[in-house]
>>> print(open('data-v4.pdb').read())   # PDB, C-alpha atoms, pLDDT in the B column
ATOM      1  CA  MET L  28      69.211  60.227  85.289  1.00 53.00           C
ATOM      2  CA  PHE L  29      65.601  61.267  86.012  1.00 61.00           C
ATOM      3  CA  ARG L  30      63.916  58.132  84.768  1.00 63.00           C
ATOM      4  CA  LYS L  31      61.764  56.079  87.096  1.00 59.00           C
ATOM      5  CA  PRO L  32      63.277  52.729  87.956  1.00 57.00           C
ATOM      6  CA  GLU L  33      61.491  49.816  86.306  1.00 57.00           C
ATOM      7  CA  PRO L  34      59.694  47.549  88.758  1.00 51.00           C
ATOM      8  CA  SER L  35      61.474  44.276  89.254  1.00 48.00           C
ATOM      9  CA  ALA L  36      59.471  41.206  88.259  1.00 47.00           C
ATOM     10  CA  THR L  37      61.141  39.146  90.980  1.00 42.00           C
ATOM     11  CA  GLN L  38      60.195  41.243  94.006  1.00 41.00           C
ATOM     12  CA  PRO L  39      59.501  38.980  96.980  1.00 45.00           C
ATOM     13  CA  ILE L  40      55.938  38.801  98.212  1.00 42.00           C
ATOM     14  CA  THR L  41      55.849  40.197 101.720  1.00 46.00           C
ATOM     15  CA  PRO L  42      53.472  38.519 104.132  1.00 48.00           C
ATOM     16  CA  ALA L  43      50.643  40.430 105.736  1.00 50.00           C
ATOM     17  CA  GLU L  44      51.914  41.942 108.969  1.00 71.00           C
ATOM     18  CA  ARG L  45      48.499  42.769 110.368  1.00 83.00           C
ATOM     19  CA  VAL L  46      45.639  40.775 111.812  1.00 86.00           C
ATOM     20  CA  THR L  47      42.697  40.309 109.457  1.00 87.00           C
ATOM     21  CA  SER L  48      40.832  37.477 111.259  1.00 89.00           C
ATOM     22  CA  VAL L  49      40.177  36.696 114.925  1.00 91.00           C
ATOM     23  CA  LEU L  50      39.239  33.461 116.674  1.00 92.00           C
ATOM     24  CA  GLY L  51      37.506  34.861 119.759  1.00 91.00           C
ATOM     25  CA  SER L  52      38.042  33.867 123.372  1.00 91.00           C
ATOM     26  CA  GLY L  53      34.826  31.851 123.646  1.00 90.00           C
ATOM     27  CA  ILE L  54      35.514  29.752 120.534  1.00 91.00           C
ATOM     28  CA  ILE L  55      36.857  26.186 120.415  1.00 93.00           C
ATOM     29  CA  TRP L  56      37.934  25.184 116.913  1.00 93.00           C
ATOM     30  CA  LYS L  57      39.262  21.857 115.618  1.00 95.00           C
ATOM     31  CA  GLY L  58      40.487  21.637 112.059  1.00 93.00           C
ATOM     32  CA  ALA L  59      42.936  23.347 109.751  1.00 92.00           C
ATOM     33  CA  LEU L  60      43.875  26.973 109.172  1.00 91.00           C
ATOM     34  CA  ARG L  61      45.491  27.507 105.771  1.00 92.00           C
ATOM     35  CA  GLY L  62      45.943  30.566 103.627  1.00 91.00           C
ATOM     36  CA  SER L  63      47.415  34.018 103.784  1.00 91.00           C
ATOM     37  CA  GLY L  64      46.758  36.966 106.040  1.00 91.00           C
ATOM     38  CA  GLY L  65      46.965  37.659 109.727  1.00 92.00           C
ATOM     39  CA  ILE L  66      45.134  35.619 112.360  1.00 94.00           C
ATOM     40  CA  ARG L  67      44.777  36.271 116.086  1.00 95.00           C
ATOM     41  CA  ILE L  68      43.729  33.328 118.267  1.00 95.00           C
ATOM     42  CA  GLU L  69      42.188  34.208 121.625  1.00 95.00           C
ATOM     43  CA  GLY L  70      40.192  30.980 121.942  1.00 95.00           C
ATOM     44  CA  THR L  71      41.217  27.320 121.724  1.00 96.00           C
ATOM     45  CA  PHE L  72      42.480  25.815 118.466  1.00 96.00           C
ATOM     46  CA  GLU L  73      43.468  22.219 117.780  1.00 96.00           C
ATOM     47  CA  GLY L  74      44.620  21.062 114.374  1.00 95.00           C
ATOM     48  CA  GLU L  75      46.950  22.239 111.623  1.00 94.00           C
ATOM     49  CA  ILE L  76      48.146  25.775 110.870  1.00 94.00           C
ATOM     50  CA  VAL L  77      49.889  26.658 107.593  1.00 94.00           C
ATOM     51  CA  LEU L  78      49.812  30.413 107.151  1.00 93.00           C
ATOM     52  CA  ARG L  79      51.511  32.887 104.844  1.00 93.00           C
ATOM     53  CA  GLY L  80      51.492  35.844 107.195  1.00 93.00           C
ATOM     54  CA  LEU L  81      51.175  36.661 110.869  1.00 94.00           C
ATOM     55  CA  LEU L  82      49.850  34.393 113.615  1.00 95.00           C
ATOM     56  CA  VAL L  83      49.231  35.919 117.040  1.00 95.00           C
ATOM     57  CA  VAL L  84      48.296  33.666 119.950  1.00 95.00           C
ATOM     58  CA  GLY L  85      46.764  36.075 122.458  1.00 95.00           C
ATOM     59  CA  GLU L  86      47.022  35.783 126.245  1.00 95.00           C
ATOM     60  CA  SER L  87      43.844  33.700 126.432  1.00 96.00           C
ATOM     61  CA  GLY L  88      44.751  31.706 123.304  1.00 96.00           C
ATOM     62  CA  ARG L  89      45.506  27.976 123.468  1.00 97.00           C
ATOM     63  CA  VAL L  90      46.914  26.240 120.367  1.00 96.00           C
ATOM     64  CA  THR L  91      47.643  22.536 120.015  1.00 96.00           C
ATOM     65  CA  CYS L  92      49.047  21.358 116.705  1.00 94.00           C
ATOM     66  CA  GLU L  93      51.702  18.921 115.634  1.00 92.00           C
ATOM     67  CA  ASP L  94      53.412  21.370 113.271  1.00 92.00           C
ATOM     68  CA  LEU L  95      52.640  25.087 113.077  1.00 95.00           C
ATOM     69  CA  ARG L  96      54.056  26.946 110.047  1.00 95.00           C
ATOM     70  CA  ALA L  97      53.778  30.701 109.522  1.00 94.00           C
ATOM     71  CA  ASN L  98      55.979  33.615 108.487  1.00 94.00           C
ATOM     72  CA  THR L  99      55.723  35.390 111.844  1.00 95.00           C
ATOM     73  CA  VAL L 100      54.457  33.893 115.115  1.00 96.00           C
ATOM     74  CA  ILE L 101      53.834  35.926 118.268  1.00 97.00           C
ATOM     75  CA  VAL L 102      52.931  33.908 121.369  1.00 97.00           C
ATOM     76  CA  ALA L 103      51.346  35.531 124.427  1.00 97.00           C
ATOM     77  CA  GLY L 104      49.214  32.462 125.286  1.00 97.00           C
ATOM     78  CA  SER L 105      50.216  28.809 124.970  1.00 97.00           C
ATOM     79  CA  VAL L 106      51.326  26.668 122.030  1.00 97.00           C
ATOM     80  CA  LYS L 107      51.821  22.904 122.266  1.00 97.00           C
ATOM     81  CA  GLY L 108      53.549  21.694 119.126  1.00 96.00           C
ATOM     82  CA  ASN L 109      56.493  22.390 116.872  1.00 96.00           C
ATOM     83  CA  ILE L 110      56.842  25.825 115.277  1.00 96.00           C
ATOM     84  CA  THR L 111      58.550  26.606 111.968  1.00 95.00           C
ATOM     85  CA  ALA L 112      58.695  30.338 111.269  1.00 95.00           C
ATOM     86  CA  GLU L 113      60.871  33.075 109.907  1.00 94.00           C
ATOM     87  CA  LYS L 114      60.335  35.054 113.103  1.00 95.00           C
ATOM     88  CA  LEU L 115      59.150  33.883 116.534  1.00 96.00           C
ATOM     89  CA  GLU L 116      58.410  36.192 119.434  1.00 97.00           C
ATOM     90  CA  ILE L 117      57.416  34.841 122.851  1.00 97.00           C
ATOM     91  CA  ARG L 118      55.924  37.468 125.126  1.00 97.00           C
ATOM     92  CA  SER L 119      56.242  37.441 128.935  1.00 96.00           C
ATOM     93  CA  THR L 120      52.934  35.553 129.277  1.00 97.00           C
ATOM     94  CA  GLY L 121      53.742  33.170 126.423  1.00 97.00           C
ATOM     95  CA  ARG L 122      54.324  29.430 126.848  1.00 97.00           C
ATOM     96  CA  VAL L 123      55.663  27.100 124.129  1.00 97.00           C
ATOM     97  CA  TRP L 124      56.078  23.334 124.439  1.00 97.00           C
ATOM     98  CA  GLY L 125      57.771  22.049 121.285  1.00 96.00           C
ATOM     99  CA  ASP L 126      60.762  22.398 119.005  1.00 96.00           C
ATOM    100  CA  VAL L 127      61.214  25.557 116.944  1.00 96.00           C
ATOM    101  CA  VAL L 128      63.008  26.193 113.650  1.00 95.00           C
ATOM    102  CA  ILE L 129      63.415  29.922 113.027  1.00 95.00           C
ATOM    103  CA  SER L 130      65.481  32.679 111.421  1.00 94.00           C
ATOM    104  CA  ALA L 131      64.819  35.329 114.087  1.00 95.00           C
ATOM    105  CA  PHE L 132      63.875  34.906 117.736  1.00 95.00           C
ATOM    106  CA  ALA L 133      62.844  37.296 120.488  1.00 95.00           C
ATOM    107  CA  SER L 134      61.527  36.704 123.981  1.00 95.00           C
ATOM    108  CA  GLU L 135      60.551  38.849 126.909  1.00 95.00           C
ATOM    109  CA  GLU L 136      61.530  38.217 130.502  1.00 96.00           C
ATOM    110  CA  GLY L 137      59.193  35.549 131.901  1.00 95.00           C
ATOM    111  CA  ALA L 138      58.615  33.807 128.551  1.00 96.00           C
ATOM    112  CA  PHE L 139      58.679  29.982 128.638  1.00 96.00           C
ATOM    113  CA  LEU L 140      60.041  27.580 126.004  1.00 96.00           C
ATOM    114  CA  ARG L 141      60.516  23.865 126.510  1.00 97.00           C
ATOM    115  CA  GLY L 142      62.049  22.305 123.419  1.00 95.00           C
ATOM    116  CA  GLN L 143      64.943  22.613 121.044  1.00 95.00           C
ATOM    117  CA  VAL L 144      65.712  25.803 119.146  1.00 94.00           C
ATOM    118  CA  ARG L 145      67.333  25.576 115.731  1.00 94.00           C
ATOM    119  CA  MET L 146      68.203  28.851 114.030  1.00 93.00           C
ATOM    120  CA  GLU L 147      68.739  28.874 110.278  1.00 91.00           C
ATOM    121  CA  ASP L 148      69.867  31.581 107.856  1.00 88.00           C
ATOM    122  CA  ARG L 149      66.748  30.895 105.826  1.00 86.00           C
ATOM    123  CA  VAL L 150      63.695  28.847 106.789  1.00 84.00           C
ATOM    124  CA  ASP L 151      61.685  27.038 104.110  1.00 82.00           C
ATOM    125  CA  LEU L 152      58.100  27.010 105.353  1.00 80.00           C
ATOM    126  CA  HIS L 153      56.743  24.857 102.480  1.00 78.00           C
ATOM    127  CA  LEU L 154      53.722  27.141 102.227  1.00 74.00           C
ATOM    128  CA  ASP L 155      53.177  26.327  98.557  1.00 70.00           C
ATOM    129  CA  GLU L 156      52.714  22.596  99.115  1.00 59.00           C
ATOM    130  CA  LYS L 157      49.215  21.273  98.814  1.00 53.00           C
ATOM    131  CA  THR L 158      48.133  19.611 102.016  1.00 46.00           C
ATOM    132  CA  GLU L 159      44.617  18.794 100.888  1.00 47.00           C
ATOM    133  CA  PRO L 160      43.843  15.553  99.088  1.00 42.00           C
ATOM    134  CA  GLU L 161      43.536  15.795  95.319  1.00 44.00           C
ATOM    135  CA  PRO L 162      39.957  15.677  94.056  1.00 45.00           C
ATOM    136  CA  SER L 163      39.053  12.445  92.339  1.00 43.00           C
ATOM    137  CA  PRO L 164      39.300  12.680  88.535  1.00 47.00           C
ATOM    138  CA  GLU L 165      35.982  10.917  87.957  1.00 51.00           C
ATOM    139  CA  PRO L 166      32.840  12.573  89.194  1.00 48.00           C
ATOM    140  CA  THR L 167      30.825  10.417  91.493  1.00 49.00           C
ATOM    141  CA  PRO L 168      27.606   9.246  89.849  1.00 51.00           C
ATOM    142  CA  GLU L 169      24.421  10.635  91.249  1.00 53.00           C
ATOM    143  CA  PRO L 170      22.150   8.062  92.822  1.00 53.00           C
ATOM    144  CA  SER L 171      19.455   6.990  90.404  1.00 55.00           C
ATOM    145  CA  ILE L 172      15.843   7.050  91.402  1.00 58.00           C
ATOM    146  CA  PRO L 173      14.118   3.790  90.444  1.00 58.00           C
ATOM    147  CA  GLU L 174      11.171   4.054  88.076  1.00 61.00           C
ATOM    148  CA  PRO L 175       7.878   3.259  89.749  1.00 60.00           C
ATOM    149  CA  ALA L 176       6.607  -0.193  88.892  1.00 60.00           C
ATOM    150  CA  PRO L 177       3.498  -0.342  86.700  1.00 60.00           C
ATOM    151  CA  PRO L 178       0.339  -0.989  88.683  1.00 59.00           C
ATOM    152  CA  ALA L 179      -0.374  -4.678  89.070  1.00 60.00           C
ATOM    153  CA  GLU L 180      -3.575  -6.015  87.615  1.00 59.00           C
ATOM    154  CA  GLU L 181      -6.176  -6.632  90.195  1.00 58.00           C
ATOM    155  CA  LYS L 182      -6.926 -10.319  90.460  1.00 58.00           C
ATOM    156  CA  LYS L 183     -10.363 -11.432  91.430  1.00 60.00           C
ATOM    157  CA  PRO L 184     -10.484 -14.238  93.923  1.00 60.00           C
ATOM    158  CA  ARG L 185     -11.346 -17.559  92.313  1.00 62.00           C
ATOM    159  CA  LYS L 186     -13.878 -19.821  93.744  1.00 63.00           C
ATOM    160  CA  VAL L 187     -12.600 -23.289  94.213  1.00 61.00           C
ATOM    161  CA  ALA L 188     -15.128 -26.040  94.208  1.00 63.00           C
ATOM    162  CA  ALA L 189     -14.772 -28.531  96.937  1.00 62.00           C
ATOM    163  CA  LYS L 190     -14.476 -32.194  95.880  1.00 62.00           C
ATOM    164  CA  LYS L 191     -17.170 -34.497  97.029  1.00 57.00           C
TER     165      LYS L 191
END
>>> encode(input="data-v4.pdb", output="structure tokens")
Amino acid sequence: MFRKPEPSATQPITPAERVTSVLGSGIIWKGALRGSGGIRIEGTFEGEIVLRGLLVVGESGRVTCEDLRANTVIVAGSVKGNITAEKLEIRSTGRVWGDVVISAFASEEGAFLRGQVRMEDRVDLHLDEKTEPEPSPEPTPEPSIPEPAPPAEEKKPRKVAAKK
């Protein structure tokens, strides 16, 4: 009756619900954001986002990506691309151009969404899939440095007798 309950080995991992990294308003970044944690984008980002956690696109944030995947997405700036998330919130200043697949959706008056909305009971974000290329199994050989050639023997000029 007074025993402590044993911790369950199958407890779900909850995503980080706080911002741990910021892409500032003066930054333009092209590439990929992958990992876990919370990210706030106030600058311009173009590329791929696969995030276990929270993504906040601030009022000055501009994101362009073909497919954005995160547990929770809050948009106060603009996103051009498809969003797959468990929860999507579009604030009054937020603009989204793209299709969304979500479990929960909220928007404020003035929010903009142009695209299709598909709500699911459960959204599979495929966050465990590797999206980076596999490293090659064989290490690449290091370039060899050629041995210096032995010094050539100095040849003395020969005198050639002219024929008479």
>>> resolve_selection(input="data-v4.pdb", expression="the PyMOL selection byres ((chain L and resi 116) around 7)", output="ChimeraX atom specification")
/L:100-102,114-115,117-118,132-134
>>> closest_residue(input="data-v4.pdb", among="L:Leu60, L:Val46, L:Val128, L:Ile68", to="Val84 (chain L)", atoms="only C-alpha atoms")
L:Ile68
>>> residues_around(input="data-v4.pdb", residues="Glu75 (chain L)", least_positions_apart="2", cutoff="12 Å", atoms="all atoms listed in the file", output="ChimeraX atom specification")
/L:56-62,72-73,77-78,90-97,107-110,158-159
>>> write_last_selection(input="data-v4.pdb", atoms="C-alpha atoms", output="short mmCIF file (atom, residue, chain, number, x, y, z; two decimals), keeping the file's coordinate frame")
data_model
loop_
_atom_site.label_atom_id
_atom_site.label_comp_id
_atom_site.auth_asym_id
_atom_site.auth_seq_id
_atom_site.Cartn_x
_atom_site.Cartn_y
_atom_site.Cartn_z
CA TRP L 56 37.93 25.18 116.91
CA LYS L 57 39.26 21.86 115.62
CA GLY L 58 40.49 21.64 112.06
CA ALA L 59 42.94 23.35 109.75
CA LEU L 60 43.88 26.97 109.17
CA ARG L 61 45.49 27.51 105.77
CA GLY L 62 45.94 30.57 103.63
CA PHE L 72 42.48 25.82 118.47
CA GLU L 73 43.47 22.22 117.78
CA VAL L 77 49.89 26.66 107.59
CA LEU L 78 49.81 30.41 107.15
CA VAL L 90 46.91 26.24 120.37
CA THR L 91 47.64 22.54 120.02
CA CYS L 92 49.05 21.36 116.70
CA GLU L 93 51.70 18.92 115.63
CA ASP L 94 53.41 21.37 113.27
CA LEU L 95 52.64 25.09 113.08
CA ARG L 96 54.06 26.95 110.05
CA ALA L 97 53.78 30.70 109.52
CA LYS L 107 51.82 22.90 122.27
CA GLY L 108 53.55 21.69 119.13
CA ASN L 109 56.49 22.39 116.87
CA ILE L 110 56.84 25.82 115.28
CA THR L 158 48.13 19.61 102.02
CA GLU L 159 44.62 18.79 100.89
#
>>> atom_distance(input="data-v4.pdb", atom1="CA of Gly88 (chain L)", atom2="CA of Val106 (chain L)")
8.4 Å
>>> atom_distance(input="data-v4.pdb", atom1="CA of Ser48 (chain L)", atom2="CA of Ala103 (chain L)")
17.0 Å
>>> closest_residue(input="data-v4.pdb", among="L:Leu81, L:Arg89, L:Arg149, L:Ser119", to="Glu135 (chain L)", atoms="only C-alpha atoms")
L:Ser119
>>> decode(input="data-v4.pdb", residues="region 77-109 of chain L", atoms="N, CA, C and O atoms", output="compact mmCIF listing (two decimals), in the first residue's frame")
# COMPACT_ATOMS: atom_id res chain seq x y z
N VAL L 77 14.47 18.64 -39.34
CA VAL L 77 13.95 17.42 -38.72
C VAL L 77 14.33 17.54 -37.25
O VAL L 77 15.50 17.41 -36.90
N LEU L 78 13.34 17.79 -36.41
CA LEU L 78 13.63 18.18 -35.03
C LEU L 78 12.73 17.43 -34.05
O LEU L 78 11.52 17.45 -34.18
N ARG L 79 13.36 16.81 -33.06
CA ARG L 79 12.61 16.21 -31.96
C ARG L 79 12.52 17.28 -30.89
O ARG L 79 13.46 17.49 -30.14
N GLY L 80 11.41 18.02 -30.90
CA GLY L 80 11.26 19.10 -29.94
C GLY L 80 10.44 20.24 -30.52
O GLY L 80 9.57 20.04 -31.36
N LEU L 81 10.76 21.43 -30.07
CA LEU L 81 9.99 22.63 -30.38
C LEU L 81 10.70 23.48 -31.42
O LEU L 81 11.90 23.73 -31.31
N LEU L 82 9.96 23.93 -32.42
CA LEU L 82 10.47 24.89 -33.40
C LEU L 82 9.58 26.11 -33.34
O LEU L 82 8.37 26.01 -33.53
N VAL L 83 10.20 27.27 -33.10
CA VAL L 83 9.47 28.54 -33.08
C VAL L 83 10.02 29.40 -34.20
O VAL L 83 11.23 29.64 -34.27
N VAL L 84 9.15 29.83 -35.11
CA VAL L 84 9.53 30.77 -36.15
C VAL L 84 9.02 32.12 -35.66
O VAL L 84 7.81 32.37 -35.66
N GLY L 85 9.95 32.98 -35.24
CA GLY L 85 9.58 34.27 -34.67
C GLY L 85 9.02 35.22 -35.72
O GLY L 85 9.03 34.92 -36.92
N GLU L 86 8.55 36.38 -35.29
CA GLU L 86 7.92 37.34 -36.20
C GLU L 86 8.82 37.75 -37.35
O GLU L 86 8.36 37.98 -38.45
N SER L 87 10.13 37.84 -37.10
CA SER L 87 11.05 38.22 -38.18
C SER L 87 11.62 36.99 -38.88
O SER L 87 12.42 37.12 -39.80
N GLY L 88 11.21 35.80 -38.47
CA GLY L 88 11.74 34.56 -39.04
C GLY L 88 11.13 34.23 -40.40
O GLY L 88 9.94 34.41 -40.62
N ARG L 89 11.98 33.73 -41.30
CA ARG L 89 11.56 33.30 -42.63
C ARG L 89 12.14 31.92 -42.89
O ARG L 89 13.37 31.78 -42.94
N VAL L 90 11.29 30.91 -43.06
CA VAL L 90 11.75 29.53 -43.27
C VAL L 90 11.23 29.04 -44.61
O VAL L 90 10.04 29.19 -44.92
N THR L 91 12.14 28.47 -45.40
CA THR L 91 11.78 27.84 -46.67
C THR L 91 12.37 26.44 -46.65
O THR L 91 13.58 26.27 -46.59
N CYS L 92 11.49 25.44 -46.65
CA CYS L 92 11.97 24.06 -46.71
C CYS L 92 10.87 23.19 -47.30
O CYS L 92 9.69 23.45 -47.10
N GLU L 93 11.31 22.18 -48.03
CA GLU L 93 10.34 21.32 -48.70
C GLU L 93 9.47 20.58 -47.71
O GLU L 93 8.26 20.48 -47.88
N ASP L 94 10.09 20.06 -46.63
CA ASP L 94 9.34 19.29 -45.64
C ASP L 94 9.92 19.56 -44.26
O ASP L 94 11.06 19.20 -43.99
N LEU L 95 9.15 20.20 -43.41
CA LEU L 95 9.56 20.53 -42.06
C LEU L 95 8.90 19.53 -41.12
O LEU L 95 7.69 19.36 -41.17
N ARG L 96 9.71 18.86 -40.27
CA ARG L 96 9.17 17.88 -39.33
C ARG L 96 9.65 18.21 -37.92
O ARG L 96 10.85 18.33 -37.70
N ALA L 97 8.73 18.37 -37.00
CA ALA L 97 9.06 18.64 -35.60
C ALA L 97 7.86 18.25 -34.74
O ALA L 97 6.74 18.17 -35.23
N ASN L 98 8.12 18.04 -33.44
CA ASN L 98 7.02 17.69 -32.55
C ASN L 98 6.02 18.83 -32.42
O ASN L 98 4.82 18.63 -32.57
N THR L 99 6.54 20.03 -32.14
CA THR L 99 5.67 21.20 -31.97
C THR L 99 6.24 22.34 -32.82
O THR L 99 7.43 22.61 -32.77
N VAL L 100 5.37 22.98 -33.58
CA VAL L 100 5.78 24.11 -34.44
C VAL L 100 4.89 25.30 -34.11
O VAL L 100 3.66 25.18 -34.13
N ILE L 101 5.53 26.43 -33.79
CA ILE L 101 4.81 27.68 -33.55
C ILE L 101 5.29 28.67 -34.59
O ILE L 101 6.50 28.91 -34.70
N VAL L 102 4.36 29.23 -35.37
CA VAL L 102 4.73 30.13 -36.46
C VAL L 102 4.18 31.52 -36.17
O VAL L 102 2.98 31.72 -36.11
N ALA L 103 5.11 32.49 -36.02
CA ALA L 103 4.73 33.90 -35.91
C ALA L 103 5.31 34.67 -37.09
O ALA L 103 4.92 35.80 -37.34
N GLY L 104 6.21 34.04 -37.85
CA GLY L 104 6.80 34.63 -39.06
C GLY L 104 6.21 33.94 -40.27
O GLY L 104 5.00 33.76 -40.37
N SER L 105 7.08 33.53 -41.21
CA SER L 105 6.57 32.87 -42.42
C SER L 105 7.28 31.55 -42.66
O SER L 105 8.48 31.42 -42.43
N VAL L 106 6.50 30.57 -43.13
CA VAL L 106 7.02 29.25 -43.49
C VAL L 106 6.50 28.92 -44.87
O VAL L 106 5.30 28.95 -45.11
N LYS L 107 7.43 28.61 -45.79
CA LYS L 107 7.05 28.14 -47.13
C LYS L 107 7.53 26.71 -47.24
O LYS L 107 8.73 26.45 -47.34
N GLY L 108 6.57 25.79 -47.21
CA GLY L 108 6.89 24.37 -47.26
C GLY L 108 5.89 23.58 -46.45
O GLY L 108 5.10 24.15 -45.67
N ASN L 109 5.91 22.28 -46.61
CA ASN L 109 4.98 21.40 -45.91
C ASN L 109 5.44 21.19 -44.48
O ASN L 109 6.63 21.11 -44.21
